[in-house]
file upload-v1.tsv (TSV, C-alpha atoms)
chain	number	residue	atom	x	y	z
A	1	MET	CA	-23.46	34.73	5.30
A	2	GLN	CA	-23.97	38.07	7.03
A	3	ASP	CA	-23.03	41.46	5.70
A	4	ASP	CA	-20.15	43.45	7.16
A	5	ALA	CA	-22.43	45.75	9.18
A	6	ASP	CA	-24.07	42.85	10.98
A	7	ALA	CA	-20.74	41.09	11.52
A	8	ALA	CA	-19.25	44.33	12.88
A	9	ILE	CA	-21.99	44.56	15.52
A	10	TRP	CA	-21.42	40.98	16.64
A	11	LEU	CA	-17.66	41.56	16.75
A	12	ARG	CA	-18.04	44.72	18.83
A	13	PHE	CA	-20.27	42.75	21.18
A	14	ALA	CA	-18.01	39.68	21.42
A	15	LEU	CA	-14.71	41.55	21.70
A	16	VAL	CA	-15.56	43.75	24.69
A	17	PRO	CA	-12.66	42.96	27.06
A	18	GLY	CA	-13.36	41.24	30.37
A	19	ILE	CA	-16.77	39.87	29.34
A	20	GLY	CA	-16.57	36.13	28.73
A	21	PRO	CA	-18.97	33.89	26.78
A	22	ARG	CA	-21.18	33.06	29.76
A	23	ARG	CA	-21.85	36.74	30.54
A	24	GLN	CA	-22.27	37.47	26.84
A	25	LEU	CA	-25.05	34.89	26.67
A	26	GLY	CA	-26.64	36.48	29.71
A	27	LEU	CA	-26.65	39.83	27.93
A	28	LEU	CA	-28.16	38.28	24.80
A	29	GLN	CA	-30.88	36.60	26.83
A	30	ALA	CA	-31.70	39.94	28.48
A	31	PHE	CA	-31.48	42.22	25.44
A	32	LYS	CA	-32.19	39.73	22.60
A	33	THR	CA	-29.69	41.23	20.13
A	34	PRO	CA	-26.08	42.43	20.38
A	35	GLN	CA	-27.10	45.82	18.97
A	36	THR	CA	-29.65	46.35	21.77
A	37	ALA	CA	-27.12	45.26	24.37
A	38	LEU	CA	-24.52	47.69	23.03
A	39	ALA	CA	-27.08	50.53	23.25
A	40	ALA	CA	-28.31	49.62	26.75
A	41	SER	CA	-27.92	51.99	29.68
A	42	PHE	CA	-25.43	51.54	32.48
A	43	TYR	CA	-28.32	50.84	34.84
A	44	ASP	CA	-29.72	48.03	32.68
A	45	ILE	CA	-26.30	46.50	32.04
A	46	SER	CA	-25.51	46.60	35.76
A	47	ASN	CA	-28.69	44.68	36.52
A	48	VAL	CA	-27.70	41.91	34.13
A	49	LEU	CA	-23.99	41.65	34.92
A	50	ASP	CA	-24.42	42.31	38.64
A	51	ASN	CA	-20.96	43.85	38.64
A	52	GLU	CA	-20.56	47.63	38.51
A	53	LYS	CA	-16.95	47.55	37.32
A	54	LEU	CA	-17.76	45.18	34.44
A	55	ALA	CA	-20.86	47.19	33.58
A	56	ARG	CA	-18.82	50.40	33.37
A	57	SER	CA	-16.23	48.65	31.22
A	58	TRP	CA	-19.00	47.37	28.94
A	59	CYS	CA	-20.62	50.78	28.52
A	60	ASP	CA	-17.30	52.51	27.86
A	61	ALA	CA	-16.47	49.94	25.15
A	62	ALA	CA	-19.97	50.16	23.65
A	63	GLN	CA	-19.77	53.93	23.33
A	64	ALA	CA	-16.24	53.99	21.94
A	65	ALA	CA	-15.36	54.13	18.27
A	66	VAL	CA	-15.02	50.85	16.40
A	67	HIS	CA	-12.00	49.08	17.85
A	68	ASP	CA	-9.01	48.16	15.68
A	69	SER	CA	-9.64	44.47	16.41
A	70	VAL	CA	-13.06	44.73	14.75
A	71	THR	CA	-11.64	46.43	11.67
A	72	GLN	CA	-8.84	43.89	11.52
A	73	ALA	CA	-11.26	40.97	11.78
A	74	LEU	CA	-13.53	42.33	9.03
A	75	ALA	CA	-10.54	42.79	6.72
A	76	TRP	CA	-9.33	39.27	7.55
A	77	ALA	CA	-12.75	37.83	6.66
A	78	GLN	CA	-12.33	39.13	3.11
A	79	GLU	CA	-9.33	36.87	2.55
A	80	PRO	CA	-9.84	33.55	0.68
A	81	GLY	CA	-11.03	30.78	2.98
A	82	CYS	CA	-11.64	33.12	5.94
A	83	ARG	CA	-15.06	33.49	7.48
A	84	ILE	CA	-16.65	34.85	10.66
A	85	LEU	CA	-19.66	32.90	11.95
A	86	THR	CA	-21.99	34.40	14.55
A	87	MET	CA	-24.87	32.93	16.51
A	88	SER	CA	-27.34	34.45	14.07
A	89	ASP	CA	-25.68	32.78	11.10
A	90	ALA	CA	-27.50	29.76	9.67
A	91	ASP	CA	-24.22	27.86	9.48
A	92	TYR	CA	-23.38	28.29	13.16
A	93	PRO	CA	-23.19	24.71	14.53
A	94	PRO	CA	-26.32	23.89	16.59
A	95	ALA	CA	-24.29	21.47	18.73
A	96	LEU	CA	-22.30	24.37	20.19
A	97	LEU	CA	-25.50	26.09	21.31
A	98	GLU	CA	-25.88	23.33	23.92
A	99	LEU	CA	-23.01	24.93	25.82
A	100	PRO	CA	-23.83	27.35	28.66
A	101	ASP	CA	-20.90	29.43	27.44
A	102	ALA	CA	-21.18	29.04	23.67
A	103	PRO	CA	-19.01	31.56	21.80
A	104	CYS	CA	-20.93	34.34	20.09
A	105	VAL	CA	-18.39	34.53	17.28
A	106	LEU	CA	-16.29	31.87	15.57
A	107	PHE	CA	-13.32	32.68	13.36
A	108	CYS	CA	-13.08	30.01	10.64
A	109	LEU	CA	-10.36	29.18	8.14
A	110	GLY	CA	-11.23	26.53	5.58
A	111	ASP	CA	-14.37	24.55	4.74
A	112	THR	CA	-17.16	25.53	7.16
A	113	ASP	CA	-19.40	22.80	5.72
A	114	LEU	CA	-17.43	20.40	7.93
A	115	LEU	CA	-19.12	21.91	10.99
A	116	ALA	CA	-22.36	20.20	9.94
A	117	ARG	CA	-20.78	16.75	9.59
A	118	ASP	CA	-21.16	14.02	12.21
A	119	ALA	CA	-17.79	13.77	13.88
A	120	LEU	CA	-15.69	12.05	16.53
A	121	ALA	CA	-13.28	13.93	18.78
A	122	ILE	CA	-9.89	12.27	19.13
A	123	VAL	CA	-7.64	13.62	21.86
A	124	GLY	CA	-4.69	12.53	23.94
A	125	SER	CA	-1.21	13.17	25.21
A	126	ARG	CA	1.15	15.72	23.72
A	127	ASN	CA	4.01	13.38	24.72
A	128	ALA	CA	2.53	10.32	23.07
A	129	THR	CA	4.31	7.03	22.46
A	130	PRO	CA	4.97	5.99	18.86
A	131	GLN	CA	2.30	3.32	19.19
A	132	GLY	CA	-0.17	5.90	20.50
A	133	LEU	CA	0.51	8.16	17.54
A	134	GLU	CA	-0.01	5.28	15.14
A	135	ASN	CA	-3.24	4.26	16.89
A	136	ALA	CA	-4.62	7.80	16.71
A	137	GLU	CA	-3.80	8.19	13.04
A	138	ARG	CA	-5.17	4.77	12.07
A	139	PHE	CA	-8.43	5.22	13.97
A	140	ALA	CA	-8.90	8.68	12.44
A	141	GLU	CA	-8.02	7.41	8.99
A	142	THR	CA	-10.52	4.53	9.12
A	143	LEU	CA	-13.32	6.68	10.51
A	144	SER	CA	-12.69	9.56	8.09
A	145	GLN	CA	-12.71	7.17	5.16
A	146	SER	CA	-16.17	6.02	6.26
A	147	GLY	CA	-17.34	9.64	6.13
A	148	MET	CA	-17.04	10.57	9.81
A	149	GLY	CA	-15.37	13.89	10.60
A	150	ILE	CA	-12.43	14.03	13.00
A	151	VAL	CA	-12.26	16.84	15.56
A	152	SER	CA	-9.23	17.70	17.68
A	153	GLY	CA	-7.17	20.58	19.02
A	154	LEU	CA	-4.07	20.83	16.77
A	155	ALA	CA	-1.77	20.17	19.73
A	156	ALA	CA	1.41	18.16	19.39
A	157	GLY	CA	1.17	14.40	19.78
A	158	ILE	CA	-2.19	12.63	19.54
A	159	ASP	CA	-4.09	15.68	18.23
A	160	ALA	CA	-1.74	16.11	15.30
A	161	ALA	CA	-1.83	12.39	14.47
A	162	ALA	CA	-5.65	12.44	14.53
A	163	HIS	CA	-5.75	15.40	12.14
A	164	ARG	CA	-3.34	13.66	9.76
A	165	GLY	CA	-5.58	10.61	9.70
A	166	GLY	CA	-8.70	12.72	9.27
A	167	LEU	CA	-7.25	14.42	6.20
A	168	THR	CA	-6.99	11.10	4.34
A	169	GLY	CA	-10.74	10.51	4.06
A	170	SER	CA	-13.98	12.14	3.00
A	171	GLY	CA	-14.90	12.88	6.64
A	172	GLY	CA	-12.21	15.54	6.86
A	173	THR	CA	-10.94	17.19	10.02
A	174	VAL	CA	-11.77	20.22	12.17
A	175	ALA	CA	-9.19	21.79	14.48
A	176	PHE	CA	-10.25	24.02	17.37
A	177	VAL	CA	-7.32	26.16	18.50
A	178	GLY	CA	-6.50	28.28	21.52
A	179	THR	CA	-4.98	31.22	19.65
A	180	GLY	CA	-6.01	33.74	17.04
A	181	LEU	CA	-6.12	32.27	13.54
A	182	ASP	CA	-3.21	34.45	12.46
A	183	ARG	CA	-0.96	32.31	14.70
A	184	VAL	CA	0.00	28.65	14.75
A	185	TYR	CA	0.76	26.89	18.00
A	186	PRO	CA	2.82	24.85	18.41
A	187	ALA	CA	5.11	26.05	15.62
A	188	SER	CA	6.02	22.44	14.85
A	189	ASN	CA	2.47	21.99	13.49
A	190	ARG	CA	2.75	24.87	11.04
A	191	ALA	CA	2.80	22.67	7.91
A	192	LEU	CA	-0.09	20.58	9.25
A	193	ALA	CA	-2.10	23.71	10.05
A	194	HIS	CA	-1.67	24.98	6.50
A	195	GLN	CA	-2.80	21.61	5.16
A	196	ILE	CA	-5.89	21.63	7.39
A	197	ALA	CA	-6.72	25.18	6.28
A	198	GLU	CA	-6.61	24.02	2.66
A	199	GLN	CA	-8.37	20.66	3.05
A	200	GLY	CA	-10.24	20.87	6.36
A	201	LEU	CA	-11.18	23.60	8.82
A	202	ILE	CA	-9.51	25.52	11.65
A	203	VAL	CA	-11.77	27.31	14.15
A	204	SER	CA	-11.10	29.74	16.99
A	205	GLU	CA	-13.29	31.78	19.31
A	206	PHE	CA	-10.30	34.03	20.06
A	207	ALA	CA	-9.64	37.31	18.31
A	208	LEU	CA	-6.84	37.66	15.79
A	209	GLY	CA	-3.53	38.26	17.50
A	210	THR	CA	-4.44	36.21	20.60
A	211	ALA	CA	-1.31	34.54	21.95
A	212	PRO	CA	-1.19	30.91	23.17
A	213	LYS	CA	-2.15	31.56	26.79
A	214	PRO	CA	-2.39	28.44	29.02
A	215	GLU	CA	-5.98	29.19	30.05
A	216	ASN	CA	-7.15	29.25	26.43
A	217	PHE	CA	-6.60	25.55	25.79
A	218	PRO	CA	-8.89	24.05	28.45
A	219	ARG	CA	-11.46	26.59	27.28
A	220	ARG	CA	-11.31	25.46	23.64
A	221	ASN	CA	-11.70	21.82	24.77
A	222	ARG	CA	-15.41	22.34	25.41
A	223	LEU	CA	-15.89	23.16	21.71
A	224	ILE	CA	-14.14	19.94	20.69
A	225	ALA	CA	-16.39	17.95	23.03
A	226	ALA	CA	-19.58	19.71	21.95
A	227	LEU	CA	-19.18	19.45	18.18
A	228	ALA	CA	-18.58	15.69	18.17
A	229	LYS	CA	-20.94	12.75	18.68
A	230	GLY	CA	-18.32	11.08	20.85
A	231	CYS	CA	-14.82	11.48	22.24
A	232	LEU	CA	-11.96	8.98	21.92
A	233	VAL	CA	-9.01	9.32	24.30
A	234	VAL	CA	-6.00	7.51	22.87
A	235	GLU	CA	-3.35	8.13	25.52
A	236	ALA	CA	-3.51	10.33	28.61
A	237	THR	CA	-1.74	10.67	31.92
A	238	ILE	CA	-3.68	11.27	35.12
A	239	GLY	CA	-4.48	14.99	35.17
A	240	SER	CA	-4.21	15.33	31.39
A	241	GLY	CA	-6.24	18.01	29.65
A	242	SER	CA	-7.66	15.23	27.50
A	243	LEU	CA	-9.57	13.98	30.54
A	244	ILE	CA	-11.16	17.42	30.81
A	245	THR	CA	-12.40	17.06	27.24
A	246	ALA	CA	-13.70	13.57	28.01
A	247	ARG	CA	-15.53	14.83	31.10
A	248	GLN	CA	-17.07	17.70	29.14
A	249	ALA	CA	-18.18	15.26	26.44
A	250	ASN	CA	-19.78	13.03	29.05
A	251	ASP	CA	-21.55	16.02	30.65
A	252	LEU	CA	-22.97	16.90	27.23
A	253	GLY	CA	-24.32	13.38	26.75
A	254	ARG	CA	-21.66	12.35	24.23
A	255	GLU	CA	-20.18	8.85	24.18
A	256	VAL	CA	-16.69	8.54	25.66
A	257	PHE	CA	-14.23	5.93	24.38
A	258	ALA	CA	-10.74	5.00	25.55
A	259	ILE	CA	-7.96	2.78	24.22
A	260	PRO	CA	-6.36	0.67	26.97
A	261	GLY	CA	-2.62	0.30	27.33
A	262	SER	CA	0.03	-1.20	29.53
A	263	ILE	CA	-0.64	-1.10	33.27
A	264	HIS	CA	2.94	0.16	33.63
A	265	SER	CA	2.61	3.08	31.21
A	266	PRO	CA	1.86	6.54	32.65
A	267	GLN	CA	0.33	7.41	29.25
A	268	ALA	CA	-2.30	4.69	29.71
A	269	LYS	CA	-3.40	5.51	33.26
A	270	GLY	CA	-5.76	8.28	32.22
A	271	CYS	CA	-7.51	5.94	29.76
A	272	HIS	CA	-7.77	3.23	32.40
A	273	GLN	CA	-9.30	5.75	34.80
A	274	LEU	CA	-11.91	6.67	32.18
A	275	ILE	CA	-12.73	3.02	31.56
A	276	LYS	CA	-13.23	2.48	35.30
A	277	GLN	CA	-15.60	5.45	35.28
A	278	GLY	CA	-17.69	4.01	32.45
A	279	ALA	CA	-15.93	4.95	29.22
A	280	LYS	CA	-16.18	2.29	26.55
A	281	LEU	CA	-13.02	0.30	25.93
A	282	VAL	CA	-12.25	0.15	22.22
A	283	GLU	CA	-9.74	-1.93	20.28
A	284	CYS	CA	-10.63	-0.93	16.73
A	285	ALA	CA	-12.51	1.76	14.82
A	286	GLU	CA	-15.39	-0.66	14.22
A	287	ASP	CA	-16.11	-0.63	17.98
A	288	ILE	CA	-16.80	3.11	17.72
A	289	GLN	CA	-18.82	2.82	14.52
A	290	SER	CA	-21.00	0.15	16.14
A	291	GLU	CA	-21.59	2.19	19.30
A	292	LEU	CA	-22.49	5.31	17.33
A	293	CYS	CA	-24.63	3.30	14.88
A	294	TRP	CA	-22.46	4.64	12.09
A	295	ASP	CA	-22.90	3.21	8.59
A	296	SER	CA	-19.36	2.17	7.75
A	297	SER	CA	-20.42	1.27	4.21
A	298	SER	CA	-20.40	4.97	3.26
A	299	PRO	CA	-18.36	5.73	0.13
A	300	GLN	CA	-14.67	5.95	0.88
A	301	ARG	CA	-12.02	8.16	-0.66
A	302	SER	CA	-8.42	7.14	-1.26
A	303	PRO	CA	-8.38	4.11	1.07
A	304	SER	CA	-5.09	3.67	2.84
A	305	PRO	CA	-3.51	0.25	3.31
A	306	ALA	CA	-3.91	-1.50	6.63
A	307	PRO	CA	-0.97	-1.32	9.05
A	308	ALA	CA	1.86	-3.35	7.61
A	309	THR	CA	2.16	-5.65	10.64
A	310	SER	CA	2.34	-8.88	8.67
A	311	GLN	CA	4.88	-7.37	6.30
A	312	TRP	CA	7.52	-6.76	8.95
A	313	GLN	CA	6.78	-10.11	10.56
A	314	ASP	CA	7.52	-11.82	7.25
A	315	GLU	CA	10.84	-9.98	7.03
A	316	LEU	CA	12.14	-11.14	10.41
A	317	GLN	CA	15.11	-13.47	10.35
A	318	GLY	CA	17.00	-15.66	12.81
A	319	GLU	CA	17.57	-13.98	16.17
A	320	GLU	CA	15.07	-11.24	15.28
A	321	ARG	CA	12.29	-13.83	15.53
A	322	LEU	CA	13.65	-14.83	18.93
A	323	VAL	CA	13.81	-11.30	20.31
A	324	ILE	CA	10.31	-10.09	19.35
A	325	PRO	CA	8.38	-12.50	21.64
A	326	HIS	CA	10.71	-11.66	24.55
A	327	MET	CA	9.83	-7.97	24.17
A	328	GLY	CA	6.18	-8.46	25.04
A	329	PHE	CA	4.06	-5.36	24.42
A	330	ASP	CA	5.42	-3.03	27.11
A	331	ALA	CA	8.45	-0.79	26.70
A	332	VAL	CA	11.57	-2.69	27.72
A	333	THR	CA	15.22	-1.79	28.33
A	334	ILE	CA	18.09	-3.59	26.70
A	335	ASP	CA	19.17	-4.92	30.11
A	336	GLU	CA	15.72	-6.40	30.73
A	337	LEU	CA	15.67	-7.89	27.26
A	338	ALA	CA	19.13	-9.38	27.76
A	339	VAL	CA	17.90	-11.26	30.83
A	340	ARG	CA	14.84	-12.55	29.02
A	341	SER	CA	16.59	-13.58	25.82
A	342	SER	CA	20.03	-14.64	27.20
A	343	LEU	CA	21.64	-12.48	24.49
A	344	THR	CA	24.37	-9.95	25.23
A	345	ALA	CA	23.61	-6.25	25.26
A	346	ASP	CA	25.96	-5.68	22.33
A	347	ARG	CA	24.23	-8.33	20.26
A	348	LEU	CA	20.81	-6.96	21.18
A	349	CYS	CA	21.81	-3.45	20.08
A	350	ALA	CA	22.57	-4.77	16.61
A	351	ILE	CA	19.36	-6.82	16.45
A	352	LEU	CA	17.19	-3.96	17.69
A	353	LEU	CA	18.69	-1.58	15.14
A	354	GLY	CA	17.71	-4.00	12.38
A	355	LEU	CA	14.22	-4.37	13.84
A	356	GLU	CA	13.86	-0.59	14.06
A	357	LEU	CA	14.86	-0.18	10.41
A	358	LYS	CA	12.24	-2.78	9.43
A	359	GLY	CA	9.59	-0.90	11.39
A	360	ALA	CA	9.10	-3.74	13.86
A	361	VAL	CA	10.08	-1.80	16.99
A	362	PHE	CA	10.13	1.80	18.21
A	363	ALA	CA	13.09	3.35	20.01
A	364	LEU	CA	11.90	5.29	23.08
A	365	PRO	CA	13.64	7.73	25.43
A	366	GLY	CA	15.65	6.17	28.25
A	367	ASN	CA	17.22	3.50	26.03
A	368	ARG	CA	13.92	1.60	25.90
A	369	TYR	CA	12.26	-0.21	23.03
A	370	GLN	CA	8.68	-1.24	22.24
A	371	ARG	CA	7.43	-3.61	19.59
A	372	ARG	CA	4.90	-2.48	17.02
A	373	VAL	CA	1.50	-4.08	17.60
call {"tool": "encode", "arguments": {"input": "upload-v1.tsv", "output": "structure tokens"}}
result
Amino acid sequence: MQDDADAAIWLRFALVPGIGPRRQLGLLQAFKTPQTALAASFYDISNVLDNEKLARSWCDAAQAAVHDSVTQALAWAQEPGCRILTMSDADYPPALLELPDAPCVLFCLGDTDLLARDALAIVGSRNATPQGLENAERFAETLSQSGMGIVSGLAAGIDAAAHRGGLTGSGGTVAFVGTGLDRVYPASNRALAHQIAEQGLIVSEFALGTAPKPENFPRRNRLIAALAKGCLVVEATIGSGSLITARQANDLGREVFAIPGSIHSPQAKGCHQLIKQGAKLVECAEDIQSELCWDSSSPQRSPSPAPATSQWQDELQGEERLVIPHMGFDAVTIDELAVRSSLTADRLCAILLGLELKGAVFALPGNRYQRRV
């Protein structure tokens, strides 16, 4: 780990406003060290940045006193579990250096050893179906218990489910976020974020105090894609940010996996698009382990029971056994189910409530229901 003086130089370099990671790398390539770049003349900086306004901004910032954000970051790094990694740090993940816009500085909260672990990215819709959430958590749980790390973005929906599953095993979980590490977004994931900070790792390239700006989240996706050996998309609509992560993973030579779904579900269309484009269709975690040549016999920690599918099937009685086959595997309305089963809507409401309490079906928005796989 670097001393405060070295970290302060990197922070001054990385936190110059208006200069993004790609230009920062250009400056490092030209001047070799952040200290040399900060001391460079306006003429030399202009030649590298090829932008007089940005060059002037850079020189003004370089000549100014140490900014409050640098002092704040150094103080933050003294807190338990907090660490600042720079490109010159031995623990900086080599996989991120493959990026043409690798961040010069990473703010880390938790166990930085997880950055060196082979990992799978699991991403998907923020508005996931109950089955999608269960799939994400179960895949992450199985893979983490075989020693594979789980990487995601701490968003609502699939990301959060993947992190929960990752926390159950020895593989652990890493969350890349689009805010400063003194903030949690979305607020609904606050408890999960605290758990990851204690048992896993949260990473950000953004300075402390950075708000959840929309442009930050596509930017952090490249870090998720780069750190992992592969990327699994669980559910995604067409145009989803998860497809951006999958494309970035593919561009970096990582394997891309997708879970198929109903042809009628908007949440499955993004996965189907990926499969058409060459992503590998997966039905279980073993498909991923096989493709990545992962040794699933690695020691496991606190194995979780398999999904209790057979348990709820054994508990079904009478008309419940009649209704389940009529549901199929797509979401269905009570009216559609009434036609298929010849039962009245009132009777179906009572049966579906019982099935929901037994964990056999999920209630969805729009008065729709879906059976558990």
call {"tool": "residues_around", "arguments": {"input": "upload-v1.tsv", "residues": "Met87 (chain A)", "least_positions_apart": "3", "cutoff": "9 Å", "atoms": "only C-alpha atoms", "output": "NGL selection string"}}
result
:A and (10 or 90-93 or 97 or 102-106)
call {"tool": "residues_near_point", "arguments": {"input": "upload-v1.tsv", "point": "(-20.2, 15.9, 10.4)", "cutoff": "9 Å", "atoms": "all atoms listed in the file", "output": "PyMOL selection string"}}
result
chain A and resi 113-120+147-150+171-172+227-229
call {"tool": "residues_around", "arguments": {"input": "upload-v1.tsv", "residues": "region 128-131 of chain A", "least_positions_apart": "5", "cutoff": "10 Å", "atoms": "only C-alpha atoms", "output": "VMD selection string"}}
result
chain A and resid 136 to 137 156 to 159 161 234 to 237 261 265 267 to 268 331 361 to 365 370 to 373
call {"tool": "closest_residue", "arguments": {"input": "upload-v1.tsv", "among": "A:Gln199, A:Gln277, A:Ser69, A:Ser125", "to": "Gly81 (chain A)", "atoms": "all atoms listed in the file"}}
result
A:Gln199
call {"tool": "atom_distance", "arguments": {"input": "upload-v1.tsv", "atom1": "CA of Gly110 (chain A)", "atom2": "CA of Leu201 (chain A)"}}
result
4.4 Å
call {"tool": "residues_around", "arguments": {"input": "upload-v1.tsv", "residues": "region 345-360 of chain A", "least_positions_apart": "4", "cutoff": "7 Å", "atoms": "only C-alpha atoms", "output": "list in words"}}
result
Trp312, Glu320, Ile334, Asp335, Ala338, Arg371 and Arg372 of chain A
call {"tool": "residues_near_point", "arguments": {"input": "upload-v1.tsv", "point": "(-12.4, 1.3, 23.8)", "cutoff": "12 Å", "atoms": "all atoms listed in the file", "output": "MDAnalysis selection string"}}
result
chainID A and resid 135 139 230:235 255:261 271:272 274:276 278:291
call {"tool": "atom_distance", "arguments": {"input": "upload-v1.tsv", "atom1": "CA of Glu98 (chain A)", "atom2": "CA of Ala226 (chain A)"}}
result
7.5 Å
call {"tool": "closest_residue", "arguments": {"input": "upload-v1.tsv", "among": "A:Ala155, A:Lys32, A:Arg164, A:Pro17", "to": "Ser188 (chain A)", "atoms": "only C-alpha atoms"}}
result
A:Ala155
call {"tool": "residues_around", "arguments": {"input": "upload-v1.tsv", "residues": "Arg22 (chain A)", "least_positions_apart": "2", "cutoff": "10 Å", "atoms": "all atoms listed in the file", "output": "PyMOL selection string"}}
result
chain A and resi 19-20+24-27+99-104
call {"tool": "atom_distance", "arguments": {"input": "upload-v1.tsv", "atom1": "CA of Leu154 (chain A)", "atom2": "CA of Gly239 (chain A)"}}
result
19.3 Å
call {"tool": "residues_around", "arguments": {"input": "upload-v1.tsv", "residues": "Val48 (chain A)", "least_positions_apart": "3", "cutoff": "9 Å", "atoms": "all atoms listed in the file", "output": "list in words"}}
result
Arg23, Gly26, Leu27, Ala30, Tyr43, Asp44, Ile45, Asn51 and Ala55 of chain A
call {"tool": "closest_residue", "arguments": {"input": "upload-v1.tsv", "among": "A:Gln145, A:Thr333, A:Gln63, A:Ser88", "to": "Arg368 (chain A)", "atoms": "all atoms listed in the file"}}
result
A:Thr333
call {"tool": "closest_residue", "arguments": {"input": "upload-v1.tsv", "among": "A:Leu49, A:Ala7, A:Leu322, A:Ile122", "to": "Ile84 (chain A)", "atoms": "all atoms listed in the file"}}
result
A:Ala7
call {"tool": "closest_residue", "arguments": {"input": "upload-v1.tsv", "among": "A:Asp50, A:Ala61, A:Thr86, A:Gly169", "to": "Gly18 (chain A)", "atoms": "only C-alpha atoms"}}
result
A:Ala61
call {"tool": "closest_residue", "arguments": {"input": "upload-v1.tsv", "among": "A:Asp60, A:Phe13, A:Ile263, A:Leu96", "to": "Leu28 (chain A)", "atoms": "all atoms listed in the file"}}
result
A:Phe13
